[in-house]
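Colleague: Here you go, query_7.cif (mmCIF, C-alpha atoms):
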```
data_target
loop_
_atom_site.group_PDB
_atom_site.id
_atom_site.type_symbol
_atom_site.label_atom_id
_atom_site.label_comp_id
_atom_site.auth_asym_id
_atom_site.auth_seq_id
_atom_site.Cartn_x
_atom_site.Cartn_y
_atom_site.Cartn_z
ATOM 1 C CA MET Z 1 152.389 95.077 90.412
ATOM 2 C CA SER Z 2 149.726 94.249 92.954
ATOM 3 C CA LEU Z 3 150.274 92.237 96.080
ATOM 4 C CA SER Z 4 148.448 89.034 96.785
ATOM 5 C CA PRO Z 5 147.821 89.254 100.551
ATOM 6 C CA SER Z 6 147.540 85.487 100.984
ATOM 7 C CA GLU Z 7 150.899 84.903 99.245
ATOM 8 C CA ASP Z 8 152.876 88.111 99.627
ATOM 9 C CA ILE Z 9 152.526 88.875 103.338
ATOM 10 C CA ARG Z 10 154.554 86.485 105.464
ATOM 11 C CA SER Z 11 155.921 86.464 108.975
ATOM 12 C CA VAL Z 12 159.632 86.490 109.719
ATOM 13 C CA THR Z 13 159.107 83.140 111.424
ATOM 14 C CA ASP Z 14 157.640 81.786 108.176
ATOM 15 C CA LEU Z 15 160.659 83.157 106.312
ATOM 16 C CA LYS Z 16 162.997 81.324 108.702
ATOM 17 C CA ARG Z 17 161.113 78.058 108.189
ATOM 18 C CA ASN Z 18 160.508 78.356 104.434
ATOM 19 C CA THR Z 19 163.343 80.528 103.103
ATOM 20 C CA LYS Z 20 163.886 78.627 99.842
ATOM 21 C CA GLN Z 21 160.169 78.518 99.038
ATOM 22 C CA ILE Z 22 159.666 82.221 99.719
ATOM 23 C CA LEU Z 23 162.756 83.225 97.724
ATOM 24 C CA SER Z 24 161.569 81.028 94.865
ATOM 25 C CA GLN Z 25 158.179 82.770 94.971
ATOM 26 C CA VAL Z 26 159.821 86.220 94.906
ATOM 27 C CA HIS Z 27 161.883 85.289 91.844
ATOM 28 C CA ARG Z 28 159.002 83.527 90.075
ATOM 29 C CA THR Z 29 156.332 86.189 90.606
ATOM 30 C CA LYS Z 30 158.584 89.302 90.613
ATOM 31 C CA ARG Z 31 156.363 90.561 93.444
ATOM 32 C CA PRO Z 32 157.791 91.699 96.779
ATOM 33 C CA VAL Z 33 156.977 89.868 99.987
ATOM 34 C CA VAL Z 34 156.048 91.948 103.019
ATOM 35 C CA LEU Z 35 157.577 90.478 106.169
ATOM 36 C CA THR Z 36 155.746 90.944 109.438
ATOM 37 C CA VAL Z 37 156.862 90.883 113.060
ATOM 38 C CA ASN Z 38 154.127 90.459 115.657
ATOM 39 C CA GLY Z 39 151.507 90.948 112.922
ATOM 40 C CA ARG Z 40 152.851 94.309 111.750
ATOM 41 C CA ALA Z 41 154.687 95.038 108.503
ATOM 42 C CA ASP Z 42 158.404 95.308 109.206
ATOM 43 C CA ALA Z 43 160.374 94.795 105.979
ATOM 44 C CA VAL Z 44 159.993 94.050 102.278
ATOM 45 C CA LEU Z 45 161.829 91.292 100.422
ATOM 46 C CA MET Z 46 162.237 91.590 96.649
ATOM 47 C CA ASP Z 47 164.467 90.197 93.930
ATOM 48 C CA THR Z 48 167.527 92.170 92.890
ATOM 49 C CA ALA Z 49 166.296 93.045 89.391
ATOM 50 C CA THR Z 50 163.066 94.519 90.761
ATOM 51 C CA TYR Z 51 165.003 96.430 93.430
ATOM 52 C CA GLU Z 52 167.366 97.901 90.825
ATOM 53 C CA LYS Z 53 164.393 98.923 88.671
ATOM 54 C CA HIS Z 54 162.794 100.726 91.640
ATOM 55 C CA LEU Z 55 166.113 102.321 92.589
ATOM 56 C CA LYS Z 56 166.587 103.705 89.061
ATOM 57 C CA ALA Z 57 163.035 105.066 89.052
ATOM 58 C CA SER Z 58 163.591 106.685 92.440
ATOM 59 C CA ASN Z 59 166.835 108.290 91.297
ATOM 60 C CA MET Z 60 165.155 109.611 88.154
ATOM 61 C CA ALA Z 61 162.291 111.045 90.206
ATOM 62 C CA ARG Z 62 164.798 112.812 92.466
ATOM 63 C CA LEU Z 63 166.534 114.378 89.456
ATOM 64 C CA LEU Z 64 163.218 115.446 87.952
ATOM 65 C CA ALA Z 65 162.188 117.044 91.234
ATOM 66 C CA LEU Z 66 165.375 119.132 91.204
ATOM 67 C CA ALA Z 67 164.729 120.160 87.603
ATOM 68 C CA GLU Z 68 161.130 121.098 88.408
ATOM 69 C CA GLU Z 69 162.377 123.217 91.295
ATOM 70 C CA ASP Z 70 164.783 125.008 88.940
ATOM 71 C CA VAL Z 71 161.947 125.759 86.521
ATOM 72 C CA ALA Z 72 159.640 126.945 89.316
ATOM 73 C CA THR Z 73 162.274 129.354 90.665
ATOM 74 C CA GLY Z 74 163.300 130.634 87.239
ATOM 75 C CA ARG Z 75 166.762 129.051 87.165
ATOM 76 C CA THR Z 76 166.601 128.375 83.437
ATOM 77 C CA ARG Z 77 168.174 129.718 80.268
ATOM 78 C CA PRO Z 78 167.486 129.464 76.560
ATOM 79 C CA ILE Z 79 168.674 126.262 74.892
ATOM 80 C CA ARG Z 80 170.645 128.150 72.254
ATOM 81 C CA ALA Z 81 172.740 129.876 74.921
ATOM 82 C CA PHE Z 82 173.381 126.580 76.674
ATOM 83 C CA LEU Z 83 174.383 124.789 73.469
ATOM 84 C CA LYS Z 84 176.717 127.620 72.468
ATOM 85 C CA GLU Z 85 178.458 127.490 75.864
ATOM 86 C CA PHE Z 86 178.537 123.664 75.807
ATOM 87 C CA LYS Z 87 180.134 123.520 72.340
ATOM 88 C CA HIS Z 88 182.642 126.208 73.239
ATOM 89 C CA ALA Z 89 183.673 124.471 76.487
ATOM 90 C CA ARG Z 90 184.238 121.173 74.672
ATOM 91 C CA LYS Z 91 185.799 122.715 71.577
ATOM 92 C CA ILE Z 92 183.107 121.324 69.297
ATOM 93 C CA SER Z 93 182.937 123.003 65.927
ATOM 94 C CA ARG Z 94 179.626 123.427 64.206
#
```
Would it be possible to restate this file's structure as structure tokens?
Modeller:
Amino acid sequence: MSLSPSEDIRSVTDLKRNTKQILSQVHRTKRPVVLTVNGRADAVLMDTATYEKHLKASNMARLLALAEEDVATGRTRPIRAFLKEFKHARKISR
């Protein structure tokens, strides 16, 4: 998803004047709009579906980082031992 500077960077003043148009653009293009204050980036406006997608990806990356840290520090165990303990704890036969 690449930004189109002429369309996707808008001032807060522009947002106040053209809220419906800018929201329509965000929903239509699925691209975020960077809002500026005094010519400097200040906030990002995006549709809810895109935000949720980014939030899920961020959460997954955080979990993967923890797992990578476990591997790097040797906090691992063989899968067979884990599965045996898992089945026993949940009273799963077979």
Colleague: Specify the axis-aligned box that encloses all atoms of segment 19-36 of chain Z listed in the file after padding of 4 Å on each side, stating its centre and edge lengths in Å to one decimal as JSON.
Modeller:
```
{"center_x": 159.8, "center_y": 85.2, "center_z": 99.8, "size_x": 16.1, "size_y": 21.4, "size_z": 27.4}
```
Colleague: Mind telling me what the PyMOL selection byres ((chain Z and resi 36-43) around 6) catches here, as a PyMOL selection string?
Modeller: chain Z and resi 11-12+34-35+44
Colleague: Please evaluate the PyMOL selection byres ((chain Z and resi 20-30) around 9) against the displayed coordinates and give the resulting residues as an mmCIF file with C-alpha atoms, in the coordinates of the input.
Modeller:
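Full text of selection_16.cif as output:
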```cif
data_model
loop_
_atom_site.group_PDB
_atom_site.id
_atom_site.type_symbol
_atom_site.label_atom_id
_atom_site.label_comp_id
_atom_site.auth_asym_id
_atom_site.auth_seq_id
_atom_site.Cartn_x
_atom_site.Cartn_y
_atom_site.Cartn_z
ATOM 1 C CA MET Z 1 152.389 95.077 90.412
ATOM 2 C CA GLU Z 7 150.899 84.903 99.245
ATOM 3 C CA ASP Z 8 152.876 88.111 99.627
ATOM 4 C CA ARG Z 10 154.554 86.485 105.464
ATOM 5 C CA ASP Z 14 157.640 81.786 108.176
ATOM 6 C CA LEU Z 15 160.659 83.157 106.312
ATOM 7 C CA ARG Z 17 161.113 78.058 108.189
ATOM 8 C CA ASN Z 18 160.508 78.356 104.434
ATOM 9 C CA THR Z 19 163.343 80.528 103.103
ATOM 10 C CA ARG Z 31 156.363 90.561 93.444
ATOM 11 C CA PRO Z 32 157.791 91.699 96.779
ATOM 12 C CA VAL Z 33 156.977 89.868 99.987
ATOM 13 C CA LEU Z 45 161.829 91.292 100.422
ATOM 14 C CA MET Z 46 162.237 91.590 96.649
ATOM 15 C CA ASP Z 47 164.467 90.197 93.930
ATOM 16 C CA THR Z 48 167.527 92.170 92.890
ATOM 17 C CA ALA Z 49 166.296 93.045 89.391
ATOM 18 C CA THR Z 50 163.066 94.519 90.761
#
```
Colleague: How many Å lie between atom CA of Pro5 of chain Z and atom CA of Glu52 of chain Z, rounded to one decimal?
Modeller: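 That distance, rounded to one decimal, is 23.5 Å.
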Colleague: Find the residues of segment 20-61 of chain Z that sit at most 12 Å from segment 65-89 of chain Z; for each, write down the nearest two atoms and how far apart they are in Å, to one decimal. Count all atoms listed in the file. Sort by chain, then by number going up, and give it as a Markdown table.
Modeller:
```
| residue | atom | partner | partner_atom | distance |
| --- | --- | --- | --- | --- |
| Z:Ser58 | CA | Z:Ala65 | CA | 10.5 |
| Z:Asn59 | CA | Z:Ala65 | CA | 9.9 |
| Z:Met60 | CA | Z:Ala65 | CA | 8.6 |
| Z:Ala61 | CA | Z:Ala65 | CA | 6.1 |
```
Colleague: Can you work out the spacing between atom CA of His54 of chain Z and atom CA of Leu3 of chain Z in Å, to one decimal?
Modeller: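 Atom CA of Leu3 of chain Z lies at a distance of 15.8 Å from atom CA of His54 of chain Z.
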Colleague: Since fewer atoms than expected are present, regenerate N, CA and C atoms for segment 78-94 of chain Z and write them as an mmCIF file, in the coordinates of the input.
Modeller:
```cif
data_model
loop_
_atom_site.group_PDB
_atom_site.id
_atom_site.type_symbol
_atom_site.label_atom_id
_atom_site.label_comp_id
_atom_site.auth_asym_id
_atom_site.auth_seq_id
_atom_site.Cartn_x
_atom_site.Cartn_y
_atom_site.Cartn_z
ATOM 1 N N PRO Z 78 167.853 129.948 77.889
ATOM 2 C CA PRO Z 78 167.486 129.464 76.560
ATOM 3 C C PRO Z 78 168.433 128.358 76.088
ATOM 4 N N ILE Z 79 167.890 127.398 75.359
ATOM 5 C CA ILE Z 79 168.674 126.262 74.892
ATOM 6 C C ILE Z 79 169.813 126.697 73.973
ATOM 7 N N ARG Z 80 169.575 127.693 73.164
ATOM 8 C CA ARG Z 80 170.645 128.150 72.254
ATOM 9 C C ARG Z 80 171.858 128.652 73.027
ATOM 10 N N ALA Z 81 171.629 129.378 74.104
ATOM 11 C CA ALA Z 81 172.740 129.876 74.921
ATOM 12 C C ALA Z 81 173.485 128.716 75.571
ATOM 13 N N PHE Z 82 172.745 127.744 76.055
ATOM 14 C CA PHE Z 82 173.381 126.580 76.674
ATOM 15 C C PHE Z 82 174.228 125.822 75.657
ATOM 16 N N LEU Z 83 173.655 125.556 74.487
ATOM 17 C CA LEU Z 83 174.383 124.789 73.469
ATOM 18 C C LEU Z 83 175.644 125.528 73.004
ATOM 19 N N LYS Z 84 175.553 126.835 72.863
ATOM 20 C CA LYS Z 84 176.717 127.620 72.468
ATOM 21 C C LYS Z 84 177.825 127.478 73.513
ATOM 22 N N GLU Z 85 177.480 127.635 74.777
ATOM 23 C CA GLU Z 85 178.458 127.490 75.864
ATOM 24 C C GLU Z 85 179.009 126.057 75.927
ATOM 25 N N PHE Z 86 178.147 125.076 75.766
ATOM 26 C CA PHE Z 86 178.537 123.664 75.807
ATOM 27 C C PHE Z 86 179.539 123.350 74.709
ATOM 28 N N LYS Z 87 179.239 123.766 73.476
ATOM 29 C CA LYS Z 87 180.134 123.520 72.340
ATOM 30 C C LYS Z 87 181.465 124.222 72.536
ATOM 31 N N HIS Z 88 181.420 125.460 73.012
ATOM 32 C CA HIS Z 88 182.642 126.208 73.239
ATOM 33 C C HIS Z 88 183.530 125.532 74.306
ATOM 34 N N ALA Z 89 182.922 125.097 75.384
ATOM 35 C CA ALA Z 89 183.673 124.471 76.487
ATOM 36 C C ALA Z 89 184.312 123.148 76.064
ATOM 37 N N ARG Z 90 183.716 122.464 75.113
ATOM 38 C CA ARG Z 90 184.238 121.173 74.672
ATOM 39 C C ARG Z 90 184.917 121.240 73.311
ATOM 40 N N LYS Z 91 185.113 122.462 72.856
ATOM 41 C CA LYS Z 91 185.799 122.715 71.577
ATOM 42 C C LYS Z 91 185.167 121.900 70.430
ATOM 43 N N ILE Z 92 183.853 122.015 70.360
ATOM 44 C CA ILE Z 92 183.107 121.324 69.297
ATOM 45 C C ILE Z 92 182.805 122.354 68.224
ATOM 46 N N SER Z 93 183.265 122.070 67.016
ATOM 47 C CA SER Z 93 182.937 123.003 65.927
ATOM 48 C C SER Z 93 181.588 122.592 65.337
ATOM 49 N N ARG Z 94 180.926 123.620 64.851
ATOM 50 C CA ARG Z 94 179.626 123.427 64.206
ATOM 51 C C ARG Z 94 178.507 123.369 65.155
#
```
